[in-house]
Amino acid sequence: MPKEGFDAVTLPSSMTEDIENFVEASNKLISSKSEALKIAWLWYKQHADSGSSSRMKLKIGNSTVGDGEPHFIIADIATNHNGEMSHIKTMIDIAAEEGCDAVKFHKKTVDAVYSRSELSSPMLSKFGKTFKEFALGVELGKEEFDEIDDYCKKKSIMWFAECWDEQSVEFTQQYNAPCYELPHERLNDENLILKLKSTGKPILVRTGMMTDDAKKAVEMIGEQNAAVIHSTKEFPVQLEQLYLKNITLLKRIFRCPIGHYGADVGVATSVMAATIGASIIERRITYDRTAGGPEHAASLEHNGLRILVRDIRSIPLAMGEDPRKFPYKNR
């Protein structure tokens, strides 16, 4: 309603349809437009705060993702395979054994994604002494993805890719992946977003710390075909940089499913995220946290993933079906 001293209030366009639908469906007598707006506003606030009936759900493969559905858990393999198919299969085994819904890989056209200065920067790895040598060393091609596709089918687990450029989208289309992910580093790449949209598959949009850019990306994709994944730019991230309350904020901004990418050490904060409303949980995994490479130390080994999945899957049981207090009779 208007603040004191103002005669009118301007409503966001996103609110108009909800208010019209409410007034149309209301079975109580409404005597004036101001009363209609007041009732609709109170309803809208309650609706926005609680998330609830009009929140969208997303179909990823055979899984329905969103509020009220089982949490969709993604094991992010990324480049932690260090270019070895044996490590890839070990991590697929871990994810499948612990009940993850999907594993995720990264796909990049290295020379298109990184600048010359980035590629020439020093980085010591088993592949050489520059970042370009590392990036090319861990980049997977058709032979590797053919094997990944076959192995995931054998293990009955979905896989998809975080694509960083248009050519990588074209490459991964041949495998009919159930979804794609847009990295937060590419939120402003309109050509990539349109290319991802053209696949007709659900798109997971990583926010980084850029909510406005994520909103523009989702508007381009279409909210009915997107999920928004709260994340930060750092890996690993300190607890005070997680800003888990942003999950609640994102649920007020978007009606599509909201997720969380856990980039800290440990599993507790991912369980917290799932408890406060994230319906998609992503975590980086590794076959060995002591392995050489930039991201193994902050990733989850087999036991960590086991604890994460166990605790997230127990949330619905611990929450109960509805909020109430009653005496419990021992049997």
# chains A, B, ... in the order shown; residues from 1 in each chain; ligands from 1
$ residues_around --residues "Pro70 of chain A" --least-positions-apart "6" --cutoff "12 Å" --atoms "only C-alpha atoms" --output "number ranges by chain"
A: 57, 63-64, 99-101, 274-275, 277-281, 309, 312-317
$ write_last_selection --atoms "N, CA and C atoms" --output "short mmCIF file (atom, residue, chain, number, x, y, z; two decimals), in the first residue's frame"
data_model
loop_
_atom_site.label_atom_id
_atom_site.label_comp_id
_atom_site.auth_asym_id
_atom_site.auth_seq_id
_atom_site.Cartn_x
_atom_site.Cartn_y
_atom_site.Cartn_z
N LYS A 57 8.11 -26.06 -11.34
CA LYS A 57 8.97 -27.23 -11.21
C LYS A 57 9.62 -27.50 -12.55
N SER A 63 13.57 -36.91 -13.52
CA SER A 63 13.41 -36.31 -12.19
C SER A 63 12.60 -35.02 -12.27
N THR A 64 11.67 -34.85 -11.34
CA THR A 64 10.96 -33.58 -11.19
C THR A 64 11.65 -32.80 -10.09
N GLY A 99 23.87 -42.37 -4.45
CA GLY A 99 22.52 -41.92 -4.77
C GLY A 99 22.41 -40.51 -5.30
N CYS A 100 23.49 -39.98 -5.87
CA CYS A 100 23.38 -38.68 -6.54
C CYS A 100 22.51 -38.82 -7.78
N ASP A 101 21.90 -37.74 -8.19
CA ASP A 101 21.03 -37.77 -9.36
C ASP A 101 21.80 -37.59 -10.66
N ALA A 274 19.87 -26.88 1.75
CA ALA A 274 18.75 -27.73 1.39
C ALA A 274 17.58 -27.54 2.35
N THR A 275 17.89 -27.28 3.61
CA THR A 275 16.85 -27.12 4.63
C THR A 275 16.08 -25.82 4.45
N GLY A 277 15.55 -24.15 1.66
CA GLY A 277 14.80 -23.98 0.43
C GLY A 277 15.48 -24.31 -0.88
N ALA A 278 16.77 -24.67 -0.87
CA ALA A 278 17.43 -25.05 -2.12
C ALA A 278 16.97 -26.45 -2.52
N SER A 279 16.43 -26.59 -3.71
CA SER A 279 15.95 -27.91 -4.16
C SER A 279 16.99 -28.63 -5.02
N ILE A 280 18.05 -27.91 -5.39
CA ILE A 280 19.17 -28.50 -6.12
C ILE A 280 20.44 -28.24 -5.32
N ILE A 281 21.22 -29.28 -5.09
CA ILE A 281 22.48 -29.14 -4.36
C ILE A 281 23.61 -29.68 -5.22
N VAL A 309 24.76 -36.81 1.12
CA VAL A 309 23.54 -37.36 0.55
C VAL A 309 22.65 -37.93 1.65
N ILE A 312 20.97 -34.95 3.53
CA ILE A 312 19.96 -34.24 2.72
C ILE A 312 18.73 -35.10 2.51
N ARG A 313 18.93 -36.38 2.27
CA ARG A 313 17.78 -37.27 2.06
C ARG A 313 16.94 -37.43 3.33
N SER A 314 17.53 -37.14 4.49
CA SER A 314 16.79 -37.28 5.75
C SER A 314 15.97 -36.04 6.10
N ILE A 315 16.16 -34.94 5.36
CA ILE A 315 15.47 -33.68 5.70
C ILE A 315 13.95 -33.82 5.70
N PRO A 316 13.33 -34.40 4.67
CA PRO A 316 11.85 -34.50 4.68
C PRO A 316 11.32 -35.27 5.89
N LEU A 317 12.01 -36.33 6.29
CA LEU A 317 11.57 -37.11 7.45
C LEU A 317 11.66 -36.27 8.72
#
$ residues_around --residues "segment 152-157 of chain A" --least-positions-apart "5" --cutoff "9 Å" --atoms "only C-alpha atoms" --output "JSON, numbers by chain"
{"A": [89, 92, 93, 95, 96, 97, 99, 100, 101, 102, 103, 147]}
$ write_last_selection --atoms "N, CA and C atoms" --output "JSON list (two decimals), in the first residue's frame"
[["chain", "number", "residue", "atom", "x", "y", "z"],
["A", 89, "LYS", "N", 35.89, -42.61, -13.91],
["A", 89, "LYS", "CA", 35.02, -43.74, -13.59],
["A", 89, "LYS", "C", 34.91, -43.95, -12.09],
["A", 92, "ILE", "N", 32.41, -41.35, -10.93],
["A", 92, "ILE", "CA", 31.06, -41.75, -11.35],
["A", 92, "ILE", "C", 30.55, -42.86, -10.44],
["A", 93, "ASP", "N", 31.42, -43.82, -10.14],
["A", 93, "ASP", "CA", 31.04, -44.92, -9.22],
["A", 93, "ASP", "C", 30.61, -44.37, -7.86],
["A", 95, "ALA", "N", 29.50, -41.34, -7.08],
["A", 95, "ALA", "CA", 28.24, -40.60, -7.17],
["A", 95, "ALA", "C", 27.05, -41.53, -7.32],
["A", 96, "ALA", "N", 27.20, -42.54, -8.15],
["A", 96, "ALA", "CA", 26.10, -43.49, -8.36],
["A", 96, "ALA", "C", 25.82, -44.31, -7.11],
["A", 97, "GLU", "N", 26.87, -44.76, -6.46],
["A", 97, "GLU", "CA", 26.72, -45.59, -5.26],
["A", 97, "GLU", "C", 26.02, -44.83, -4.14],
["A", 99, "GLY", "N", 23.87, -42.37, -4.45],
["A", 99, "GLY", "CA", 22.52, -41.92, -4.77],
["A", 99, "GLY", "C", 22.41, -40.51, -5.30],
["A", 100, "CYS", "N", 23.49, -39.98, -5.87],
["A", 100, "CYS", "CA", 23.38, -38.68, -6.54],
["A", 100, "CYS", "C", 22.51, -38.82, -7.78],
["A", 101, "ASP", "N", 21.90, -37.74, -8.19],
["A", 101, "ASP", "CA", 21.03, -37.77, -9.36],
["A", 101, "ASP", "C", 21.80, -37.59, -10.66],
["A", 102, "ALA", "N", 22.92, -36.89, -10.60],
["A", 102, "ALA", "CA", 23.67, -36.62, -11.82],
["A", 102, "ALA", "C", 25.12, -36.29, -11.49],
["A", 103, "VAL", "N", 25.98, -36.48, -12.48],
["A", 103, "VAL", "CA", 27.36, -36.00, -12.40],
["A", 103, "VAL", "C", 27.53, -34.92, -13.46],
["A", 147, "GLU", "N", 32.97, -42.55, -23.91],
["A", 147, "GLU", "CA", 33.15, -43.52, -22.83],
["A", 147, "GLU", "C", 32.37, -43.11, -21.58]]
$ atom_distance --atom1 "atom CA of Gly266 of chain A" --atom2 "atom CA of Gln241 of chain A"
14.7 Å
$ select_by_dssp --residues "segment 47-164 of chain A" --states "helix (DSSP H, G or I)" --output "ChimeraX atom specification"
/A:47-50,85-97,110-113,116-120,131-138,142-154
$ residues_around --residues "Met210 of chain A" --least-positions-apart "4" --cutoff "9 Å" --atoms "only C-alpha atoms" --output "ChimeraX atom specification"
/A:184,187,214-215,232
$ residues_around --residues "Lys132 of chain A" --least-positions-apart "4" --cutoff "10 Å" --atoms "only C-alpha atoms" --output "list in words"
Val110, Asp111, Tyr114, Ser115, Arg116, Ser117, Glu118, Leu119, Ser120, Ser121, Pro122, Met123, Phe127, Gly128, Leu136 and Gly137 of chain A
$ write_last_selection --atoms "N, CA and C atoms" --output "PDB file, in the first residue's frame"
ATOM      1  N   VAL A 110      39.181 -24.071 -25.250  1.00  0.00           N
ATOM      2  CA  VAL A 110      40.165 -23.372 -24.430  1.00  0.00           C
ATOM      3  C   VAL A 110      40.604 -22.041 -25.032  1.00  0.00           C
ATOM      4  N   ASP A 111      40.944 -22.044 -26.311  1.00  0.00           N
ATOM      5  CA  ASP A 111      41.447 -20.810 -26.937  1.00  0.00           C
ATOM      6  C   ASP A 111      40.364 -19.745 -27.059  1.00  0.00           C
ATOM      7  N   TYR A 114      39.582 -18.426 -22.847  1.00  0.00           N
ATOM      8  CA  TYR A 114      40.603 -17.714 -22.074  1.00  0.00           C
ATOM      9  C   TYR A 114      41.397 -16.748 -22.946  1.00  0.00           C
ATOM     10  N   SER A 115      41.864 -15.676 -22.339  1.00  0.00           N
ATOM     11  CA  SER A 115      42.691 -14.699 -23.046  1.00  0.00           C
ATOM     12  C   SER A 115      44.126 -15.229 -23.181  1.00  0.00           C
ATOM     13  N   ARG A 116      44.911 -14.579 -24.021  1.00  0.00           N
ATOM     14  CA  ARG A 116      46.306 -14.987 -24.202  1.00  0.00           C
ATOM     15  C   ARG A 116      47.092 -14.862 -22.901  1.00  0.00           C
ATOM     16  N   SER A 117      46.820 -13.791 -22.157  1.00  0.00           N
ATOM     17  CA  SER A 117      47.560 -13.595 -20.906  1.00  0.00           C
ATOM     18  C   SER A 117      47.195 -14.686 -19.884  1.00  0.00           C
ATOM     19  N   GLU A 118      45.923 -15.069 -19.852  1.00  0.00           N
ATOM     20  CA  GLU A 118      45.522 -16.154 -18.946  1.00  0.00           C
ATOM     21  C   GLU A 118      46.193 -17.462 -19.346  1.00  0.00           C
ATOM     22  N   LEU A 119      46.214 -17.749 -20.629  1.00  0.00           N
ATOM     23  CA  LEU A 119      46.774 -19.011 -21.101  1.00  0.00           C
ATOM     24  C   LEU A 119      48.285 -19.078 -20.890  1.00  0.00           C
ATOM     25  N   SER A 120      48.936 -17.935 -20.953  1.00  0.00           N
ATOM     26  CA  SER A 120      50.396 -17.932 -20.804  1.00  0.00           C
ATOM     27  C   SER A 120      50.849 -17.809 -19.351  1.00  0.00           C
ATOM     28  N   SER A 121      49.906 -17.640 -18.433  1.00  0.00           N
ATOM     29  CA  SER A 121      50.289 -17.491 -17.025  1.00  0.00           C
ATOM     30  C   SER A 121      50.907 -18.783 -16.499  1.00  0.00           C
ATOM     31  N   PRO A 122      51.910 -18.670 -15.620  1.00  0.00           N
ATOM     32  CA  PRO A 122      52.598 -19.868 -15.133  1.00  0.00           C
ATOM     33  C   PRO A 122      51.711 -20.728 -14.232  1.00  0.00           C
ATOM     34  N   MET A 123      51.727 -22.027 -14.459  1.00  0.00           N
ATOM     35  CA  MET A 123      51.013 -22.979 -13.612  1.00  0.00           C
ATOM     36  C   MET A 123      51.689 -24.333 -13.772  1.00  0.00           C
ATOM     37  N   PHE A 127      51.039 -31.566 -16.860  1.00  0.00           N
ATOM     38  CA  PHE A 127      50.919 -31.323 -18.291  1.00  0.00           C
ATOM     39  C   PHE A 127      51.923 -30.286 -18.786  1.00  0.00           C
ATOM     40  N   GLY A 128      52.560 -29.539 -17.878  1.00  0.00           N
ATOM     41  CA  GLY A 128      53.504 -28.520 -18.288  1.00  0.00           C
ATOM     42  C   GLY A 128      53.622 -27.409 -17.269  1.00  0.00           C
ATOM     43  N   LEU A 136      44.383 -27.536 -21.520  1.00  0.00           N
ATOM     44  CA  LEU A 136      44.275 -28.492 -22.622  1.00  0.00           C
ATOM     45  C   LEU A 136      44.416 -29.927 -22.116  1.00  0.00           C
ATOM     46  N   GLY A 137      45.216 -30.109 -21.082  1.00  0.00           N
ATOM     47  CA  GLY A 137      45.441 -31.452 -20.544  1.00  0.00           C
ATOM     48  C   GLY A 137      44.209 -32.051 -19.889  1.00  0.00           C
TER      49      GLY A 137
END
$ select_by_dssp --residues "segment 41-110 of chain A" --states "strand (DSSP E or B)" --output "list in words"
Leu58, Lys59, Ile60, Ser63, Thr64, Val65, Phe72, Ile73, Ile74, Ala75, Asp76, Ala102, Val103, Lys104, Phe105, His106 and Lys107 of chain A
$ write_last_selection --atoms "C-alpha atoms" --output "PDB file, in the first residue's frame"
ATOM      1  CA  LEU A  58      11.529 -28.444 -13.709  1.00  0.00           C
ATOM      2  CA  LYS A  59      11.841 -31.788 -15.438  1.00  0.00           C
ATOM      3  CA  ILE A  60      15.447 -32.987 -15.659  1.00  0.00           C
ATOM      4  CA  SER A  63      13.405 -36.311 -12.192  1.00  0.00           C
ATOM      5  CA  THR A  64      10.961 -33.585 -11.191  1.00  0.00           C
ATOM      6  CA  VAL A  65      12.864 -30.774  -9.487  1.00  0.00           C
ATOM      7  CA  PHE A  72      18.279 -33.053  -6.855  1.00  0.00           C
ATOM      8  CA  ILE A  73      21.915 -33.746  -5.948  1.00  0.00           C
ATOM      9  CA  ILE A  74      24.713 -33.141  -8.450  1.00  0.00           C
ATOM     10  CA  ALA A  75      28.277 -34.405  -8.071  1.00  0.00           C
ATOM     11  CA  ASP A  76      30.517 -31.964  -9.950  1.00  0.00           C
ATOM     12  CA  ALA A 102      23.675 -36.616 -11.823  1.00  0.00           C
ATOM     13  CA  VAL A 103      27.362 -36.004 -12.404  1.00  0.00           C
ATOM     14  CA  LYS A 104      28.596 -32.855 -14.085  1.00  0.00           C
ATOM     15  CA  PHE A 105      31.588 -32.162 -16.319  1.00  0.00           C
ATOM     16  CA  HIS A 106      33.023 -28.969 -17.772  1.00  0.00           C
ATOM     17  CA  LYS A 107      33.339 -28.385 -21.508  1.00  0.00           C
TER      18      LYS A 107
END
$ decode --residues "segment 126-167 of chain A" --atoms "N, CA and C atoms" --output "PDB file, in the first residue's frame"
ATOM      1  N   LYS A 126      51.209 -31.631 -14.188  1.00  0.00           N
ATOM      2  CA  LYS A 126      51.829 -32.763 -14.886  1.00  0.00           C
ATOM      3  C   LYS A 126      51.815 -32.561 -16.403  1.00  0.00           C
ATOM      4  N   PHE A 127      51.039 -31.566 -16.860  1.00  0.00           N
ATOM      5  CA  PHE A 127      50.919 -31.323 -18.291  1.00  0.00           C
ATOM      6  C   PHE A 127      51.923 -30.286 -18.786  1.00  0.00           C
ATOM      7  N   GLY A 128      52.560 -29.539 -17.878  1.00  0.00           N
ATOM      8  CA  GLY A 128      53.504 -28.520 -18.288  1.00  0.00           C
ATOM      9  C   GLY A 128      53.622 -27.409 -17.269  1.00  0.00           C
ATOM     10  N   LYS A 129      54.055 -26.245 -17.739  1.00  0.00           N
ATOM     11  CA  LYS A 129      54.349 -25.139 -16.830  1.00  0.00           C
ATOM     12  C   LYS A 129      53.430 -23.930 -17.020  1.00  0.00           C
ATOM     13  N   THR A 130      52.474 -24.000 -17.928  1.00  0.00           N
ATOM     14  CA  THR A 130      51.557 -22.878 -18.141  1.00  0.00           C
ATOM     15  C   THR A 130      50.113 -23.322 -17.918  1.00  0.00           C
ATOM     16  N   PHE A 131      49.249 -22.312 -17.725  1.00  0.00           N
ATOM     17  CA  PHE A 131      47.834 -22.623 -17.547  1.00  0.00           C
ATOM     18  C   PHE A 131      47.250 -23.237 -18.815  1.00  0.00           C
ATOM     19  N   LYS A 132      47.712 -22.823 -19.985  1.00  0.00           N
ATOM     20  CA  LYS A 132      47.196 -23.388 -21.227  1.00  0.00           C
ATOM     21  C   LYS A 132      47.482 -24.883 -21.293  1.00  0.00           C
ATOM     22  N   GLU A 133      48.663 -25.282 -20.896  1.00  0.00           N
ATOM     23  CA  GLU A 133      48.992 -26.711 -20.924  1.00  0.00           C
ATOM     24  C   GLU A 133      48.104 -27.501 -19.967  1.00  0.00           C
ATOM     25  N   PHE A 134      47.829 -26.904 -18.810  1.00  0.00           N
ATOM     26  CA  PHE A 134      46.915 -27.567 -17.866  1.00  0.00           C
ATOM     27  C   PHE A 134      45.508 -27.644 -18.441  1.00  0.00           C
ATOM     28  N   ALA A 135      45.007 -26.518 -18.970  1.00  0.00           N
ATOM     29  CA  ALA A 135      43.636 -26.463 -19.482  1.00  0.00           C
ATOM     30  C   ALA A 135      43.415 -27.452 -20.624  1.00  0.00           C
ATOM     31  N   LEU A 136      44.383 -27.536 -21.520  1.00  0.00           N
ATOM     32  CA  LEU A 136      44.275 -28.492 -22.622  1.00  0.00           C
ATOM     33  C   LEU A 136      44.416 -29.927 -22.116  1.00  0.00           C
ATOM     34  N   GLY A 137      45.216 -30.109 -21.082  1.00  0.00           N
ATOM     35  CA  GLY A 137      45.441 -31.452 -20.544  1.00  0.00           C
ATOM     36  C   GLY A 137      44.209 -32.051 -19.889  1.00  0.00           C
ATOM     37  N   VAL A 138      43.394 -31.199 -19.266  1.00  0.00           N
ATOM     38  CA  VAL A 138      42.203 -31.716 -18.576  1.00  0.00           C
ATOM     39  C   VAL A 138      40.937 -31.585 -19.432  1.00  0.00           C
ATOM     40  N   GLU A 139      41.066 -31.020 -20.630  1.00  0.00           N
ATOM     41  CA  GLU A 139      39.896 -30.887 -21.507  1.00  0.00           C
ATOM     42  C   GLU A 139      39.588 -32.241 -22.166  1.00  0.00           C
ATOM     43  N   LEU A 140      38.342 -32.649 -22.058  1.00  0.00           N
ATOM     44  CA  LEU A 140      37.930 -33.946 -22.576  1.00  0.00           C
ATOM     45  C   LEU A 140      37.374 -33.810 -23.987  1.00  0.00           C
ATOM     46  N   GLY A 141      37.672 -34.798 -24.835  1.00  0.00           N
ATOM     47  CA  GLY A 141      37.204 -34.803 -26.215  1.00  0.00           C
ATOM     48  C   GLY A 141      36.165 -35.873 -26.476  1.00  0.00           C
ATOM     49  N   LYS A 142      35.914 -36.138 -27.748  1.00  0.00           N
ATOM     50  CA  LYS A 142      34.835 -37.070 -28.117  1.00  0.00           C
ATOM     51  C   LYS A 142      35.096 -38.483 -27.617  1.00  0.00           C
ATOM     52  N   GLU A 143      36.303 -38.942 -27.713  1.00  0.00           N
ATOM     53  CA  GLU A 143      36.595 -40.300 -27.266  1.00  0.00           C
ATOM     54  C   GLU A 143      36.278 -40.463 -25.778  1.00  0.00           C
ATOM     55  N   GLU A 144      36.669 -39.475 -24.978  1.00  0.00           N
ATOM     56  CA  GLU A 144      36.419 -39.543 -23.531  1.00  0.00           C
ATOM     57  C   GLU A 144      34.923 -39.421 -23.222  1.00  0.00           C
ATOM     58  N   PHE A 145      34.232 -38.503 -23.894  1.00  0.00           N
ATOM     59  CA  PHE A 145      32.813 -38.337 -23.603  1.00  0.00           C
ATOM     60  C   PHE A 145      31.978 -39.510 -24.116  1.00  0.00           C
ATOM     61  N   ASP A 146      32.416 -40.148 -25.182  1.00  0.00           N
ATOM     62  CA  ASP A 146      31.741 -41.382 -25.612  1.00  0.00           C
ATOM     63  C   ASP A 146      31.797 -42.423 -24.502  1.00  0.00           C
ATOM     64  N   GLU A 147      32.969 -42.550 -23.907  1.00  0.00           N
ATOM     65  CA  GLU A 147      33.147 -43.525 -22.832  1.00  0.00           C
ATOM     66  C   GLU A 147      32.368 -43.112 -21.584  1.00  0.00           C
ATOM     67  N   ILE A 148      32.370 -41.821 -21.273  1.00  0.00           N
ATOM     68  CA  ILE A 148      31.599 -41.312 -20.129  1.00  0.00           C
ATOM     69  C   ILE A 148      30.111 -41.594 -20.329  1.00  0.00           C
ATOM     70  N   ASP A 149      29.613 -41.321 -21.525  1.00  0.00           N
ATOM     71  CA  ASP A 149      28.197 -41.538 -21.819  1.00  0.00           C
ATOM     72  C   ASP A 149      27.820 -43.007 -21.632  1.00  0.00           C
ATOM     73  N   ASP A 150      28.625 -43.898 -22.157  1.00  0.00           N
ATOM     74  CA  ASP A 150      28.356 -45.335 -22.011  1.00  0.00           C
ATOM     75  C   ASP A 150      28.419 -45.762 -20.547  1.00  0.00           C
ATOM     76  N   TYR A 151      29.419 -45.247 -19.826  1.00  0.00           N
ATOM     77  CA  TYR A 151      29.609 -45.678 -18.443  1.00  0.00           C
ATOM     78  C   TYR A 151      28.488 -45.171 -17.542  1.00  0.00           C
ATOM     79  N   CYS A 152      28.041 -43.942 -17.761  1.00  0.00           N
ATOM     80  CA  CYS A 152      26.944 -43.409 -16.957  1.00  0.00           C
ATOM     81  C   CYS A 152      25.647 -44.169 -17.212  1.00  0.00           C
ATOM     82  N   LYS A 153      25.410 -44.565 -18.457  1.00  0.00           N
ATOM     83  CA  LYS A 153      24.235 -45.385 -18.760  1.00  0.00           C
ATOM     84  C   LYS A 153      24.324 -46.726 -18.027  1.00  0.00           C
ATOM     85  N   LYS A 154      25.514 -47.290 -18.003  1.00  0.00           N
ATOM     86  CA  LYS A 154      25.724 -48.553 -17.305  1.00  0.00           C
ATOM     87  C   LYS A 154      25.460 -48.405 -15.812  1.00  0.00           C
ATOM     88  N   LYS A 155      25.812 -47.253 -15.249  1.00  0.00           N
ATOM     89  CA  LYS A 155      25.646 -46.998 -13.818  1.00  0.00           C
ATOM     90  C   LYS A 155      24.303 -46.355 -13.477  1.00  0.00           C
ATOM     91  N   SER A 156      23.467 -46.134 -14.489  1.00  0.00           N
ATOM     92  CA  SER A 156      22.125 -45.557 -14.298  1.00  0.00           C
ATOM     93  C   SER A 156      22.173 -44.203 -13.587  1.00  0.00           C
ATOM     94  N   ILE A 157      23.080 -43.344 -14.051  1.00  0.00           N
ATOM     95  CA  ILE A 157      23.157 -41.991 -13.508  1.00  0.00           C
ATOM     96  C   ILE A 157      23.262 -41.002 -14.663  1.00  0.00           C
ATOM     97  N   MET A 158      22.578 -39.887 -14.547  1.00  0.00           N
ATOM     98  CA  MET A 158      22.622 -38.867 -15.597  1.00  0.00           C
ATOM     99  C   MET A 158      23.949 -38.106 -15.556  1.00  0.00           C
ATOM    100  N   TRP A 159      24.343 -37.570 -16.693  1.00  0.00           N
ATOM    101  CA  TRP A 159      25.474 -36.652 -16.730  1.00  0.00           C
ATOM    102  C   TRP A 159      25.128 -35.479 -17.643  1.00  0.00           C
ATOM    103  N   PHE A 160      25.744 -34.358 -17.377  1.00  0.00           N
ATOM    104  CA  PHE A 160      25.577 -33.185 -18.227  1.00  0.00           C
ATOM    105  C   PHE A 160      26.828 -32.336 -18.102  1.00  0.00           C
ATOM    106  N   ALA A 161      26.846 -31.226 -18.831  1.00  0.00           N
ATOM    107  CA  ALA A 161      28.056 -30.398 -18.860  1.00  0.00           C
ATOM    108  C   ALA A 161      27.743 -28.939 -18.558  1.00  0.00           C
ATOM    109  N   GLU A 162      28.693 -28.302 -17.909  1.00  0.00           N
ATOM    110  CA  GLU A 162      28.723 -26.849 -17.772  1.00  0.00           C
ATOM    111  C   GLU A 162      29.476 -26.331 -18.987  1.00  0.00           C
ATOM    112  N   CYS A 163      28.751 -25.699 -19.895  1.00  0.00           N
ATOM    113  CA  CYS A 163      29.343 -25.271 -21.170  1.00  0.00           C
ATOM    114  C   CYS A 163      29.747 -23.806 -21.119  1.00  0.00           C
ATOM    115  N   TRP A 164      30.962 -23.515 -21.571  1.00  0.00           N
ATOM    116  CA  TRP A 164      31.507 -22.169 -21.476  1.00  0.00           C
ATOM    117  C   TRP A 164      31.481 -21.412 -22.803  1.00  0.00           C
ATOM    118  N   ASP A 165      31.101 -22.058 -23.883  1.00  0.00           N
ATOM    119  CA  ASP A 165      31.093 -21.389 -25.185  1.00  0.00           C
ATOM    120  C   ASP A 165      30.145 -22.134 -26.117  1.00  0.00           C
ATOM    121  N   GLU A 166      29.796 -21.472 -27.228  1.00  0.00           N
ATOM    122  CA  GLU A 166      28.807 -22.023 -28.159  1.00  0.00           C
ATOM    123  C   GLU A 166      29.267 -23.340 -28.783  1.00  0.00           C
ATOM    124  N   GLN A 167      30.540 -23.432 -29.122  1.00  0.00           N
ATOM    125  CA  GLN A 167      31.058 -24.651 -29.727  1.00  0.00           C
ATOM    126  C   GLN A 167      30.928 -25.839 -28.775  1.00  0.00           C
TER     127      GLN A 167
END
